[in-house]
Each structure stands twice: as C-alpha cells, then as structure tokens.
file work-v7.csv (CSV, C-alpha atoms)
chain,number,residue,atom,x,y,z
C,1,MET,CA,5.3,-25.7,3.8
C,2,ASN,CA,3.9,-22.3,3.0
C,3,MET,CA,5.1,-20.0,5.8
C,4,VAL,CA,2.5,-17.3,4.8
C,5,LEU,CA,-0.3,-19.8,5.3
C,6,VAL,CA,1.2,-21.1,8.6
C,7,GLY,CA,1.6,-17.5,9.9
C,8,PHE,CA,-1.9,-16.6,8.8
C,9,LEU,CA,-3.4,-19.6,10.6
C,10,ALA,CA,-1.3,-19.1,13.7
C,11,SER,CA,-2.4,-15.5,13.9
C,12,LEU,CA,-6.0,-16.4,13.3
C,13,ILE,CA,-5.9,-18.9,16.1
C,14,ALA,CA,-4.2,-16.4,18.4
C,15,GLY,CA,-6.9,-13.9,17.6
C,16,LEU,CA,-9.7,-16.3,18.1
C,17,MET,CA,-8.4,-16.9,21.7
C,18,THR,CA,-10.1,-13.5,22.4
C,19,SER,CA,-13.4,-15.2,21.7
C,20,VAL,CA,-12.5,-18.2,23.9
C,21,GLY,CA,-11.7,-15.8,26.7
C,22,ALA,CA,-15.1,-14.2,26.3
C,23,LEU,CA,-17.0,-17.5,26.8
C,24,PRO,CA,-17.5,-17.2,30.6
C,25,ALA,CA,-19.4,-13.9,30.0
C,26,LEU,CA,-21.6,-15.6,27.4
C,27,PHE,CA,-22.7,-18.1,30.1
C,28,GLY,CA,-23.4,-15.3,32.6
C,29,LYS,CA,-20.3,-15.9,34.7
C,30,SER,CA,-18.9,-12.8,36.5
C,31,VAL,CA,-15.4,-12.0,37.6
C,32,SER,CA,-14.5,-9.9,40.5
C,33,GLN,CA,-12.6,-6.6,40.0
C,34,ARG,CA,-9.6,-8.1,41.7
C,35,ALA,CA,-9.6,-11.3,39.5
C,36,ASN,CA,-10.1,-9.0,36.4
C,37,GLY,CA,-7.0,-7.0,37.5
C,38,VAL,CA,-4.9,-10.1,37.9
C,39,LEU,CA,-6.0,-11.5,34.5
C,40,LEU,CA,-5.2,-8.2,32.8
C,41,GLY,CA,-1.8,-8.0,34.6
C,42,PHE,CA,-1.1,-11.5,33.4
C,43,ALA,CA,-2.0,-10.5,29.8
C,44,ALA,CA,0.3,-7.4,30.0
C,45,GLY,CA,3.2,-9.5,31.3
C,46,VAL,CA,2.8,-12.1,28.6
C,47,MET,CA,2.6,-9.5,25.9
C,48,LEU,CA,5.7,-7.7,27.2
C,49,SER,CA,7.7,-10.9,27.4
C,50,ALA,CA,6.5,-11.9,23.9
C,51,SER,CA,7.5,-8.5,22.5
C,52,PHE,CA,10.9,-8.6,24.0
C,53,PHE,CA,11.9,-12.2,23.5
C,54,SER,CA,10.1,-12.9,20.2
C,55,LEU,CA,10.4,-9.5,18.4
C,56,LEU,CA,13.1,-7.2,19.9
C,57,LEU,CA,15.8,-9.7,20.6
C,58,PRO,CA,15.5,-11.4,17.2
C,59,GLY,CA,15.3,-8.0,15.5
C,60,ILE,CA,18.6,-6.9,17.1
C,61,GLU,CA,20.1,-10.2,16.1
C,62,ALA,CA,19.0,-9.9,12.5
C,63,ALA,CA,20.4,-6.3,12.4
C,64,ARG,CA,23.6,-7.6,13.9
C,65,GLU,CA,23.9,-10.2,11.1
C,66,LEU,CA,23.4,-7.5,8.4
C,67,HIS,CA,25.4,-4.6,9.9
C,68,GLY,CA,27.7,-6.1,12.6
C,69,GLY,CA,28.6,-4.3,15.8
C,70,ASN,CA,26.6,-3.7,18.9
C,71,MET,CA,25.2,-0.2,18.9
C,72,LEU,CA,23.9,0.0,15.3
C,73,PRO,CA,21.6,-3.1,15.6
C,74,ALA,CA,20.2,-1.8,18.9
C,75,ALA,CA,19.6,1.6,17.3
C,76,ILE,CA,17.8,0.0,14.3
C,77,ALA,CA,15.6,-2.0,16.7
C,78,ALA,CA,14.9,1.0,18.8
C,79,GLY,CA,14.1,3.0,15.6
C,80,GLY,CA,11.6,0.3,14.5
C,81,LEU,CA,10.0,0.3,18.0
C,82,ALA,CA,9.7,4.1,17.9
C,83,LEU,CA,8.1,4.0,14.4
C,84,GLY,CA,5.6,1.4,15.6
C,85,ALA,CA,4.7,3.5,18.6
C,86,ALA,CA,4.3,6.6,16.4
C,87,ALA,CA,2.1,4.7,14.0
C,88,MET,CA,-0.1,3.5,16.9
C,89,ALA,CA,-0.3,7.0,18.4
C,90,THR,CA,-1.3,8.4,15.1
C,91,ILE,CA,-4.0,5.7,14.7
C,92,ASN,CA,-5.2,6.5,18.2
C,93,GLU,CA,-5.7,10.2,17.3
C,94,LEU,CA,-7.3,9.6,13.9
C,95,VAL,CA,-9.7,6.7,14.5
C,96,PRO,CA,-12.7,7.0,16.8
C,97,HIS,CA,-12.6,4.4,19.6
C,98,GLU,CA,-13.4,4.0,23.3
C,99,HIS,CA,-11.0,3.0,26.1
C,100,PHE,CA,-12.3,1.2,29.1
C,101,PHE,CA,-11.3,3.9,31.6
C,102,GLN,CA,-10.5,7.0,29.4
C,103,GLY,CA,-13.8,6.9,27.5
C,104,ARG,CA,-14.5,8.1,24.0
C,105,GLN,CA,-11.6,9.4,21.9
C,106,GLY,CA,-10.9,10.3,18.3
C,107,PRO,CA,-12.9,12.3,15.7
C,108,LYS,CA,-16.7,11.7,15.6
C,109,ALA,CA,-16.5,9.3,18.6
C,110,GLN,CA,-19.6,10.8,20.1
C,111,ALA,CA,-21.6,10.0,17.0
C,112,LEU,CA,-20.9,6.2,17.1
C,113,ALA,CA,-22.6,3.6,19.2
C,114,ARG,CA,-20.4,2.5,22.1
C,115,ILE,CA,-20.3,-1.1,20.9
C,116,TRP,CA,-18.7,0.0,17.6
C,117,LEU,CA,-16.2,2.1,19.5
C,118,PHE,CA,-15.1,-1.0,21.5
C,119,VAL,CA,-14.9,-3.1,18.3
C,120,ILE,CA,-12.7,-0.4,16.6
C,121,ALA,CA,-10.5,-0.2,19.7
C,122,ILE,CA,-9.9,-4.0,19.8
C,123,THR,CA,-9.2,-4.0,16.0
C,124,ILE,CA,-6.6,-1.2,16.5
C,125,HIS,CA,-5.1,-3.3,19.3
C,126,ASN,CA,-5.1,-6.6,17.4
C,127,ALA,CA,-3.7,-5.4,14.1
C,128,PRO,CA,-0.1,-5.1,15.4
C,129,GLU,CA,-0.5,-8.5,17.1
C,130,GLY,CA,-1.3,-10.0,13.7
C,131,LEU,CA,1.7,-8.2,12.1
C,132,ALA,CA,3.9,-9.4,14.9
C,133,VAL,CA,3.0,-13.0,14.3
C,134,GLY,CA,3.5,-12.5,10.6
C,135,VAL,CA,7.0,-11.1,11.3
C,136,GLY,CA,7.7,-14.0,13.6
C,137,PHE,CA,7.0,-16.5,10.9
C,138,GLY,CA,8.4,-14.2,8.1
C,139,GLY,CA,12.0,-15.1,8.9
C,140,GLY,CA,11.3,-18.8,8.3
C,141,ASN,CA,11.6,-19.6,12.1
C,142,ILE,CA,8.6,-21.7,12.9
C,143,ALA,CA,9.6,-22.1,16.5
C,144,GLY,CA,9.9,-18.3,17.0
C,145,GLY,CA,6.6,-17.6,15.2
C,146,MET,CA,4.8,-20.3,17.2
C,147,THR,CA,6.2,-18.9,20.5
C,148,LEU,CA,4.9,-15.5,19.6
C,149,ALA,CA,1.5,-16.8,18.5
C,150,VAL,CA,1.1,-18.8,21.7
C,151,GLY,CA,2.1,-15.8,23.8
C,152,ILE,CA,-0.4,-13.5,22.0
C,153,GLY,CA,-3.1,-16.2,22.3
C,154,LEU,CA,-2.5,-16.5,26.0
C,155,GLN,CA,-2.7,-12.8,26.6
C,156,ASN,CA,-5.9,-12.6,24.4
C,157,LEU,CA,-7.8,-14.9,26.8
C,158,PRO,CA,-8.1,-12.5,29.7
C,159,GLU,CA,-8.4,-9.6,27.3
C,160,GLY,CA,-11.4,-11.3,25.7
C,161,LEU,CA,-13.0,-11.8,29.1
C,162,ALA,CA,-12.4,-8.1,30.0
C,163,LEU,CA,-13.9,-6.9,26.7
C,164,ALA,CA,-16.9,-9.2,27.1
C,165,LEU,CA,-17.6,-8.0,30.7
C,166,ALA,CA,-17.3,-4.4,29.5
C,167,LEU,CA,-19.8,-5.1,26.7
C,168,CYS,CA,-22.2,-6.7,29.2
C,169,ILE,CA,-22.0,-3.5,31.3
C,170,VAL,CA,-22.7,-1.5,28.1
C,171,ASN,CA,-25.7,-3.6,27.4
C,172,GLU,CA,-27.1,-3.1,30.9
C,173,ALA,CA,-26.9,0.7,30.4
C,174,PRO,CA,-30.0,2.7,29.4
C,175,ALA,CA,-30.6,2.7,25.6
C,176,GLU,CA,-29.9,6.4,25.2
C,177,GLU,CA,-26.5,5.9,26.9
C,178,ARG,CA,-25.7,2.7,24.9
C,179,CYS,CA,-26.4,4.0,21.5
C,180,SER,CA,-25.2,7.6,21.6
call {"tool": "encode", "arguments": {"input": "work-v7.csv", "output": "structure tokens"}}
result
Amino acid sequence: MNMVLVGFLASLIAGLMTSVGALPALFGKSVSQRANGVLLGFAAGVMLSASFFSLLLPGIEAARELHGGNMLPAAIAAGGLALGAAAMATINELVPHEHFFQGRQGPKAQALARIWLFVIAITIHNAPEGLAVGVGFGGGNIAGGMTLAVGIGLQNLPEGLALALALCIVNEAPAEERCS
C-alpha cells in the first residue's frame, strides 16, 4: 500500500470536511452566536488534542528512539513546535488575509476583495493541517495517521460552517464594502 497516496487521500477527505460543514449555510440555515461559539470551541479542542496526541507525543517518542534520554527528545519536539509557530507567524505577516475579528492584515490587504482574503486565510490555516496528516502517515503508522485525519476532519466541520456564515455576511454587505 502506497503511504503517500493514503496520506494524500486522508488529507483531502479531512479538508473536504470544511465543505461539508458549510452545507447548512448553502441551504439558508443560520446558527446562533452561542451555537457558533460552542462549535468553534469544539473545533479548537479537537485540534489541540489531535496536535498533542497525534503529533507531539509521537514526535517525542521518535526523538527518544533516536537520541535516548528524556530532556533532549522533549527539547527537539519543542524546537520543532517553535519553528512551526515562527513559520506561521512569518506567513501571517507576509501574506494578505482577513481574520474574522481582527480584520484585514498583511501587505496590500486593502487592495484585495474580502472573499479572496478569507480564502487566503483558510489556505494559510489548512496548509499545516495537510502537512500534519502527511507526517502522521509518513512514519508508516496508518492508525496514527487516520486518527489525526479524523480529528482534523472533525474540527473542519464547525470551521466550514463559521467560514460559510462569515461569507454570507460579506455577501450581504454593500458592494463597495464587499469588493474593496
């Protein structure tokens, strides 16, 4: 079985769960602010647990097998986490995008239509998720990779709904506010 293909398909399915989450908005269903908060909290919890149990702990264990000891493997995993956070912070500064609550950010963000800023923001967010699923399968552990893909897929459901509802609000705005 080709692990690259399995990882790619699992990551693709997890990413498509964002679209499944957006379906209620397509049919005109609305979600209360409270329900939206609960769904986003659920998504955050699933992502945190997936990050910890499917990435950090296996990373520490892999480093322990290579280097032995207790502190060095933890330091290696912490260093990888810090590098990933630095990469995302750099992307956040260099690529124009729009956050739901913070508004437009990045160079030339004012010149792009709001819809494209949302698309770019979701792409920035989903790229590390795809990498995480790839890493999950990269070690040859199908069970670990599937757990990570399912966790990411579950957190993508409410995320897709939140994005779709935000885009519906954008589409209800006046044309000059939507496209500038």
call {"tool": "closest_residue", "arguments": {"input": "work-v7.csv", "among": "C:Pro24, C:Gly130, C:Gly80, C:Gly139", "to": "Leu12 of chain C", "atoms": "only C-alpha atoms"}}
result
C:Gly130
call {"tool": "closest_residue", "arguments": {"input": "work-v7.csv", "among": "C:Leu167, C:Met47, C:Leu83, C:Leu23", "to": "Leu117 of chain C", "atoms": "all atoms listed in the file"}}
result
C:Leu167
call {"tool": "closest_residue", "arguments": {"input": "work-v7.csv", "among": "C:Asn126, C:Asn141, C:Gln105, C:Thr147", "to": "Gly15 of chain C", "atoms": "all atoms listed in the file"}}
result
C:Asn126
call {"tool": "atom_distance", "arguments": {"input": "work-v7.csv", "atom1": "atom CA of Gln102 of chain C", "atom2": "atom CA of Trp116 of chain C"}}
result
16.0 Å
call {"tool": "residues_around", "arguments": {"input": "work-v7.csv", "residues": "Ala63 of chain C", "least_positions_apart": "5", "cutoff": "8 Å", "atoms": "all atoms listed in the file", "output": "PyMOL selection string"}}
result
chain C and resi 68+72-74+76-77
call {"tool": "closest_residue", "arguments": {"input": "work-v7.csv", "among": "C:Ala132, C:Leu157, C:Ala164, C:Ile115", "to": "Leu40 of chain C", "atoms": "only C-alpha atoms"}}
result
C:Leu157
call {"tool": "residues_around", "arguments": {"input": "work-v7.csv", "residues": "Pro107 of chain C", "least_positions_apart": "4", "cutoff": "9 Å", "atoms": "all atoms listed in the file", "output": "MDAnalysis selection string"}}
result
chainID C and resid 93:97
call {"tool": "write_last_selection", "arguments": {"input": "work-v7.csv", "atoms": "C-alpha atoms", "output": "tab-separated table (two decimals), keeping the file's coordinate frame"}}
result
chain	number	residue	atom	x	y	z
C	93	GLU	CA	-5.70	10.20	17.30
C	94	LEU	CA	-7.30	9.60	13.90
C	95	VAL	CA	-9.70	6.70	14.50
C	96	PRO	CA	-12.70	7.00	16.80
C	97	HIS	CA	-12.60	4.40	19.60
call {"tool": "atom_distance", "arguments": {"input": "work-v7.csv", "atom1": "atom CA of Leu55 of chain C", "atom2": "atom CA of Thr18 of chain C"}}
result
21.3 Å
call {"tool": "atom_distance", "arguments": {"input": "work-v7.csv", "atom1": "atom CA of Ala75 of chain C", "atom2": "atom CA of Ala62 of chain C"}}
result
12.5 Å
call {"tool": "closest_residue", "arguments": {"input": "work-v7.csv", "among": "C:Gly106, C:Gly59, C:Gly69, C:Gly151", "to": "Ala43 of chain C", "atoms": "all atoms listed in the file"}}
result
C:Gly151
call {"tool": "residues_around", "arguments": {"input": "work-v7.csv", "residues": "Gly153 of chain C", "least_positions_apart": "3", "cutoff": "7 Å", "atoms": "only C-alpha atoms", "output": "JSON, numbers by chain"}}
result
{"C": [14, 15, 17, 149, 150, 156, 157]}
call {"tool": "residues_near_point", "arguments": {"input": "work-v7.csv", "point": "(0.0, -24.6, 13.1)", "cutoff": "12 Å", "atoms": "all atoms listed in the file", "output": "MDAnalysis selection string"}}
result
chainID C and resid 1:14 137 142:143 145:147 149:150
call {"tool": "closest_residue", "arguments": {"input": "work-v7.csv", "among": "C:Ser19, C:Gln33, C:Ser51, C:Asn70", "to": "Ile152 of chain C", "atoms": "all atoms listed in the file"}}
result
C:Ser51
call {"tool": "build_atoms", "arguments": {"input": "work-v7.csv", "residues": "segment 19-45 of chain C", "atoms": "N, CA, C and O atoms", "output": "mmCIF file, keeping the file's coordinate frame"}}
result
data_model
loop_
_atom_site.group_PDB
_atom_site.id
_atom_site.type_symbol
_atom_site.label_atom_id
_atom_site.label_comp_id
_atom_site.auth_asym_id
_atom_site.auth_seq_id
_atom_site.Cartn_x
_atom_site.Cartn_y
_atom_site.Cartn_z
ATOM 1 N N SER C 19 -12.063 -14.672 21.626
ATOM 2 C CA SER C 19 -13.400 -15.200 21.700
ATOM 3 C C SER C 19 -13.524 -16.282 22.789
ATOM 4 O O SER C 19 -14.525 -16.356 23.517
ATOM 5 N N VAL C 20 -12.515 -17.119 22.880
ATOM 6 C CA VAL C 20 -12.500 -18.200 23.900
ATOM 7 C C VAL C 20 -12.521 -17.531 25.299
ATOM 8 O O VAL C 20 -13.227 -17.982 26.198
ATOM 9 N N GLY C 21 -11.747 -16.458 25.469
ATOM 10 C CA GLY C 21 -11.700 -15.800 26.700
ATOM 11 C C GLY C 21 -13.057 -15.139 27.107
ATOM 12 O O GLY C 21 -13.370 -14.970 28.285
ATOM 13 N N ALA C 22 -13.850 -14.811 26.102
ATOM 14 C CA ALA C 22 -15.100 -14.200 26.300
ATOM 15 C C ALA C 22 -16.237 -15.185 26.712
ATOM 16 O O ALA C 22 -17.318 -14.783 27.149
ATOM 17 N N LEU C 23 -15.992 -16.470 26.563
ATOM 18 C CA LEU C 23 -17.000 -17.500 26.800
ATOM 19 C C LEU C 23 -17.645 -17.426 28.199
ATOM 20 O O LEU C 23 -18.869 -17.581 28.317
ATOM 21 N N PRO C 24 -16.876 -17.218 29.279
ATOM 22 C CA PRO C 24 -17.500 -17.200 30.600
ATOM 23 C C PRO C 24 -18.629 -16.077 30.666
ATOM 24 O O PRO C 24 -19.664 -16.298 31.286
ATOM 25 N N ALA C 25 -18.418 -14.943 30.017
ATOM 26 C CA ALA C 25 -19.400 -13.900 30.000
ATOM 27 C C ALA C 25 -20.673 -14.308 29.249
ATOM 28 O O ALA C 25 -21.792 -13.933 29.594
ATOM 29 N N LEU C 26 -20.476 -15.120 28.228
ATOM 30 C CA LEU C 26 -21.600 -15.600 27.400
ATOM 31 C C LEU C 26 -22.529 -16.479 28.287
ATOM 32 O O LEU C 26 -23.742 -16.474 28.107
ATOM 33 N N PHE C 27 -21.956 -17.196 29.240
ATOM 34 C CA PHE C 27 -22.700 -18.100 30.100
ATOM 35 C C PHE C 27 -23.113 -17.405 31.419
ATOM 36 O O PHE C 27 -23.504 -18.071 32.368
ATOM 37 N N GLY C 28 -22.957 -16.091 31.480
ATOM 38 C CA GLY C 28 -23.400 -15.300 32.600
ATOM 39 C C GLY C 28 -22.448 -15.366 33.821
ATOM 40 O O GLY C 28 -22.799 -14.963 34.911
ATOM 41 N N LYS C 29 -21.232 -15.831 33.616
ATOM 42 C CA LYS C 29 -20.300 -15.900 34.700
ATOM 43 C C LYS C 29 -19.689 -14.465 34.902
ATOM 44 O O LYS C 29 -19.443 -13.735 33.959
ATOM 45 N N SER C 30 -19.473 -14.104 36.143
ATOM 46 C CA SER C 30 -18.900 -12.800 36.500
ATOM 47 C C SER C 30 -17.558 -12.986 37.122
ATOM 48 O O SER C 30 -17.286 -14.016 37.722
ATOM 49 N N VAL C 31 -16.722 -12.010 36.982
ATOM 50 C CA VAL C 31 -15.400 -12.000 37.600
ATOM 51 C C VAL C 31 -15.244 -10.832 38.457
ATOM 52 O O VAL C 31 -15.652 -9.724 38.095
ATOM 53 N N SER C 32 -14.654 -11.030 39.622
ATOM 54 C CA SER C 32 -14.500 -9.900 40.500
ATOM 55 C C SER C 32 -13.480 -8.907 39.947
ATOM 56 O O SER C 32 -12.689 -9.236 39.063
ATOM 57 N N GLN C 33 -13.545 -7.685 40.468
ATOM 58 C CA GLN C 33 -12.600 -6.600 40.000
ATOM 59 C C GLN C 33 -11.183 -7.052 40.257
ATOM 60 O O GLN C 33 -10.315 -6.810 39.424
ATOM 61 N N ARG C 34 -10.941 -7.699 41.369
ATOM 62 C CA ARG C 34 -9.600 -8.100 41.700
ATOM 63 C C ARG C 34 -9.094 -9.209 40.715
ATOM 64 O O ARG C 34 -7.973 -9.138 40.223
ATOM 65 N N ALA C 35 -9.944 -10.206 40.430
ATOM 66 C CA ALA C 35 -9.600 -11.300 39.500
ATOM 67 C C ALA C 35 -9.359 -10.655 38.084
ATOM 68 O O ALA C 35 -8.441 -11.047 37.366
ATOM 69 N N ASN C 36 -10.204 -9.703 37.716
ATOM 70 C CA ASN C 36 -10.100 -9.000 36.400
ATOM 71 C C ASN C 36 -8.708 -8.316 36.345
ATOM 72 O O ASN C 36 -8.029 -8.380 35.326
ATOM 73 N N GLY C 37 -8.324 -7.643 37.429
ATOM 74 C CA GLY C 37 -7.000 -7.000 37.500
ATOM 75 C C GLY C 37 -5.867 -7.942 37.344
ATOM 76 O O GLY C 37 -4.893 -7.683 36.628
ATOM 77 N N VAL C 38 -5.968 -9.079 38.026
ATOM 78 C CA VAL C 38 -4.900 -10.100 37.900
ATOM 79 C C VAL C 38 -4.816 -10.644 36.527
ATOM 80 O O VAL C 38 -3.721 -10.813 35.979
ATOM 81 N N LEU C 39 -5.961 -10.929 35.905
ATOM 82 C CA LEU C 39 -6.000 -11.500 34.500
ATOM 83 C C LEU C 39 -5.380 -10.456 33.545
ATOM 84 O O LEU C 39 -4.608 -10.824 32.663
ATOM 85 N N LEU C 40 -5.745 -9.190 33.697
ATOM 86 C CA LEU C 40 -5.200 -8.200 32.800
ATOM 87 C C LEU C 40 -3.704 -7.966 33.030
ATOM 88 O O LEU C 40 -2.932 -7.744 32.092
ATOM 89 N N GLY C 41 -3.270 -8.058 34.291
ATOM 90 C CA GLY C 41 -1.800 -8.000 34.600
ATOM 91 C C GLY C 41 -1.082 -9.140 33.965
ATOM 92 O O GLY C 41 0.015 -8.969 33.415
ATOM 93 N N PHE C 42 -1.671 -10.326 34.031
ATOM 94 C CA PHE C 42 -1.100 -11.500 33.400
ATOM 95 C C PHE C 42 -0.957 -11.267 31.885
ATOM 96 O O PHE C 42 0.079 -11.538 31.274
ATOM 97 N N ALA C 43 -2.028 -10.752 31.274
ATOM 98 C CA ALA C 43 -2.000 -10.500 29.800
ATOM 99 C C ALA C 43 -0.923 -9.491 29.469
ATOM 100 O O ALA C 43 -0.206 -9.669 28.483
ATOM 101 N N ALA C 44 -0.774 -8.450 30.276
ATOM 102 C CA ALA C 44 0.300 -7.400 30.000
ATOM 103 C C ALA C 44 1.655 -8.063 30.122
ATOM 104 O O ALA C 44 2.534 -7.794 29.292
ATOM 105 N N GLY C 45 1.865 -8.897 31.130
ATOM 106 C CA GLY C 45 3.200 -9.500 31.300
ATOM 107 C C GLY C 45 3.512 -10.465 30.159
ATOM 108 O O GLY C 45 4.647 -10.475 29.668
#
